[in-house]
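The next block holds one structure in the form of structure tokens; read it before the comments.
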Amino acid sequence: MNRLVHPDDFPASRKSAYLNTASVTLMYRGAETAAATWLADLASDGTITFDEVAEEGVFDELHRATAELLNAREEDIAVGSSATELMASLAWAVAPDCTSNIVSTGIVFPSTIYPWIRVAQHTGAQVRFAEGQGEYVDPDAITALIDDQTAVVCVSHVEYSGGQQYDLTRLAHHAHDHGALLIVDGAQSLGAIPIDAATSGVDALVASGYKWLCGPFGVAVMYLAPHLQGRLNPGVVGFRSHEDMWDLQATRLELPQTARRFEVSTMAYGCAIGLARSIRYLLRVGVGRIRDHNRQLADHLVDGLRARGADIVGPRLEEERTSIVAAHFPDCSAGDMARQLNAARVVVSARQSAVRFSPHLYNEPSDIERALEEIDRARR
Ligand SMILES: Cc1ncc(COP(=O)(O)O)c(C=O)c1O
């Protein structure tokens, strides 16, 4: 198995066996440089360089890069500060009423569903959870909850704890058959798994910059299908929400007819510039190649863990697997194992009583071997 990217692109990858992208990525060097340069320029020149024209166009390149990543159009993309904020604004925009229900899973990351729970508390909509068996949810248990009263099916494309991946096309098909929207949290997949927004039937998707997209905290993206763009009234608005952001007239709020109506205000703009760089980089490497590389690393890891008697939790079918691998060890708690591995510079997280490993494009087979060696040492 060859190295996929040069370590100079991720200098920190030399310092540890970093298997924790599902928490926070090692940042692509070009993204860090771009974000830091923007900040330094702002500090030294203020609006001399970051003038109104620059501020208005500051998301343009991120719109273009994200659109390319998702096989979408620039107008379909909105930029925000976090996936959670974008999801919350979307949930208030859809606001399912008291006759309707929202379907999700019982093992989803809280930020994916809390905004919908909050809206449902306000409107009286019902929230239905497909029950997990451990870190696994049978996709049929999700579709069984969808009926003609379902307004929204909201899932995480890849579950954060065990790495189970859902078939978005199949879920979209079931949701649409009942007149519901499929709204996806792509925080654990975008950048690691090819997603074709147009053909998958996804109605909206949000993703954070700081995980598989290899960018910084402080920025996230949202895809909004064209049929929703003129219809939804964002839950959060500010001066950037107006069609012409420099209009600055308090007495009118006219939203653009594109996904940009979900862009609100000022933010850590340099992070958006950095994220555009890292997405361009991922596009150059190729997301299909990244997925294949990551899966080979995950296969190697799963073989090694099973040989050591560990129990792999989460996905049951081959097509449900991703590069997130979570394991129970028979003789060591997840917390203890994660602590010992981190102390030995094998960087992982403990999640829901399992140790979670999440290799990405900057990892090599030697990182997996280091992890297995340190697991052996920890159990001795
Ligand atoms: C599936 C999922 N969604 C959302 C988030 C949080 O995203 P953000 O920090 O951009 O709000 C996480 C963080 O772990 C996550 O795993």
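Residue names in the structure tokens use chain letters A, B, ... in the order shown, residue numbers from 1 in each chain, and ligand numbers from 1 in the order shown.
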Chain A near ligand 1 within 6 Å: what's each residue's closest atom pair and its distance in Å to one decimal, counting only C-alpha atoms and all ligand atoms, ordered by chain then ascending residue number, as JSON lines?
```
{"residue": "A:Ser23", "atom": "CA", "partner": "ligand 1", "partner_atom_place_in_ligand_line": "14 (O)", "distance": 5.7}
{"residue": "A:Ser82", "atom": "CA", "partner": "ligand 1", "partner_atom_place_in_ligand_line": "10 (O)", "distance": 3.7}
{"residue": "A:Ala83", "atom": "CA", "partner": "ligand 1", "partner_atom_place_in_ligand_line": "10 (O)", "distance": 3.7}
{"residue": "A:Thr84", "atom": "CA", "partner": "ligand 1", "partner_atom_place_in_ligand_line": "11 (O)", "distance": 3.7}
{"residue": "A:Phe109", "atom": "CA", "partner": "ligand 1", "partner_atom_place_in_ligand_line": "1 (C)", "distance": 5.0}
{"residue": "A:Ser111", "atom": "CA", "partner": "ligand 1", "partner_atom_place_in_ligand_line": "4 (C)", "distance": 5.4}
{"residue": "A:Thr112", "atom": "CA", "partner": "ligand 1", "partner_atom_place_in_ligand_line": "3 (N)", "distance": 5.5}
{"residue": "A:Ser156", "atom": "CA", "partner": "ligand 1", "partner_atom_place_in_ligand_line": "1 (C)", "distance": 5.5}
{"residue": "A:Tyr160", "atom": "CA", "partner": "ligand 1", "partner_atom_place_in_ligand_line": "16 (O)", "distance": 4.8}
{"residue": "A:Asp185", "atom": "CA", "partner": "ligand 1", "partner_atom_place_in_ligand_line": "3 (N)", "distance": 5.8}
{"residue": "A:Ala187", "atom": "CA", "partner": "ligand 1", "partner_atom_place_in_ligand_line": "2 (C)", "distance": 4.9}
{"residue": "A:Gln188", "atom": "CA", "partner": "ligand 1", "partner_atom_place_in_ligand_line": "1 (C)", "distance": 5.4}
{"residue": "A:Ser208", "atom": "CA", "partner": "ligand 1", "partner_atom_place_in_ligand_line": "10 (O)", "distance": 4.1}
```
Inset, instruction - For segment 3-11 of chain A, work out the shell of residues within 12 Å, counting only C-alpha atoms and skipping chain neighbours fewer than 3 positions away, then give it as a PyMOL selection string. - result: chain A and resi 14-16+18+25-33+214-215+277-278+281-282+284-294+296-297+360-367
Tell me, counting only C-alpha atoms, for each residue of segment 261-365 of chain A within 6 Å of segment 241-254 of chain A, which pair of atoms is nearest and how far apart they are in Å to one decimal, in rows ordered by chain and increasing number, as JSON lines.
```
{"residue": "A:Arg261", "atom": "CA", "partner": "A:Ser241", "partner_atom": "CA", "distance": 5.1}
{"residue": "A:Glu263", "atom": "CA", "partner": "A:Ser241", "partner_atom": "CA", "distance": 5.6}
{"residue": "A:Val264", "atom": "CA", "partner": "A:Ser241", "partner_atom": "CA", "distance": 5.1}
```
Legend entry - Nearest residue to Ala327 of chain A from the set A:Val237, A:Arg380, A:Gly134, A:Phe262 (distances using only C-alpha atoms): A:Gly134
Legend entry - Which residue of A:Val79, A:Ala36, A:Val325, A:Ala180 approaches Pro96 of chain A most closely, using only C-alpha atoms: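 Going through A:Val79, A:Ala36, A:Val325, A:Ala180 one by one, the smallest distance to Pro96 of chain A is for A:Ala180.
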Legend entry - Residue neighbourhood segment 67-69 of chain A, 8 Å, only C-alpha atoms, exclusion window fewer than 2 positions, as a list of chain:residue names: A:His63, A:Arg64, A:Ala65, A:Asn71, A:Ala72, A:Arg73, A:Glu74, A:Asp76, A:Ile77, A:Gly191, A:Pro194, A:Ile195, A:Ile279, A:Leu283
Only N, CA and C atoms, please: the residues just picked out, written as a tab-separated table (two decimals), in the first residue's frame.
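Done, and the output landed in selection25.tsv:
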```
chain	number	residue	atom	x	y	z
A	63	HIS	N	-17.72	28.43	-1.74
A	63	HIS	CA	-18.93	27.99	-2.46
A	63	HIS	C	-18.54	27.11	-3.64
A	64	ARG	N	-17.56	27.61	-4.42
A	64	ARG	CA	-17.17	26.89	-5.65
A	64	ARG	C	-16.57	25.53	-5.32
A	65	ALA	N	-15.66	25.52	-4.35
A	65	ALA	CA	-14.96	24.26	-4.01
A	65	ALA	C	-15.95	23.24	-3.44
A	71	ASN	N	-20.83	17.83	-6.38
A	71	ASN	CA	-21.47	17.85	-7.70
A	71	ASN	C	-22.76	18.70	-7.66
A	72	ALA	N	-22.59	19.88	-7.09
A	72	ALA	CA	-23.73	20.80	-6.97
A	72	ALA	C	-23.35	22.11	-7.65
A	73	ARG	N	-24.20	23.14	-7.51
A	73	ARG	CA	-23.91	24.45	-8.07
A	73	ARG	C	-23.51	25.39	-6.93
A	74	GLU	N	-22.77	26.44	-7.25
A	74	GLU	CA	-22.36	27.41	-6.21
A	74	GLU	C	-23.55	27.93	-5.42
A	76	ASP	N	-26.07	26.50	-4.51
A	76	ASP	CA	-26.65	25.51	-3.60
A	76	ASP	C	-25.92	25.46	-2.26
A	77	ILE	N	-24.86	26.28	-2.12
A	77	ILE	CA	-24.00	26.16	-0.94
A	77	ILE	C	-24.11	27.40	-0.05
A	191	GLY	N	-15.65	14.68	2.49
A	191	GLY	CA	-14.19	14.74	2.40
A	191	GLY	C	-13.58	13.35	2.43
A	194	PRO	N	-17.18	9.96	-1.34
A	194	PRO	CA	-17.80	10.77	-2.40
A	194	PRO	C	-19.31	10.90	-2.16
A	195	ILE	N	-19.82	12.11	-2.31
A	195	ILE	CA	-21.26	12.35	-2.18
A	195	ILE	C	-21.70	13.15	-3.40
A	279	ILE	N	-10.37	21.91	0.81
A	279	ILE	CA	-11.28	21.18	-0.09
A	279	ILE	C	-10.65	21.06	-1.49
A	283	LEU	N	-9.86	17.61	-3.46
A	283	LEU	CA	-10.32	17.37	-4.84
A	283	LEU	C	-9.15	16.95	-5.73
```
Legend entry - Spatial neighbours of Asp299 of chain A, max dist 12 Å, only C-alpha atoms, sep filter under 3 positions, as a list in words: Asp292, His293, Asn294, Arg295, Gln296, Val302, Asp303, Gly304, Leu305, Arg306, Ile312, Glu318, Arg321, Thr322, Ser323, Ile324, Val325, Phe357, Ser358, Pro359, Pro365 and Ile368 of chain A
Inset, instruction - Rank nothing, just name the residue among A:His178, A:Lys211, A:Arg308, A:His157 nearest to Val24 of chain A, using only C-alpha atoms. - result: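 Ranked by minimum distance to Val24 of chain A, first place goes to A:Lys211.
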Legend entry - Atomic separation - atom CA of Leu255 of chain A relative to atom CA of Glu56 of chain A, Å: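 A separation of 15.1 Å between them.
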Inset, instruction - Quick one: pick out all helix (DSSP H, G or I) residues within segment 91-162 of chain A from a backbone DSSP run and write them as an NGL selection string. - result: :A and (91-94 or 110-123 or 139-143)
Inset, instruction - Can you work out which one of A:Ile117, A:Val236, A:Ala343, A:Ser349 has the shortest atom-to-atom distance to Glu85 of chain A, counting only C-alpha atoms? - result: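 Among the listed residues, the smallest separation from Glu85 of chain A belongs to A:Val236.
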Inset, instruction - Would you please give, as a PyMOL selection string, all residues of segment 15-255 of chain A that DSSP assigns to strand (DSSP E or B) based on the backbone? - result: chain A and resi 17-18+20+77-80+101-105+126-130+133+136+150-156+158+165+181-185+190+193+204-208+220-224
Legend entry - Closest of A:Leu205, A:Ala198, A:Met1, A:Ala151 to Gly179 of chain A - atom-to-atom distances counting only C-alpha atoms: A:Ala151
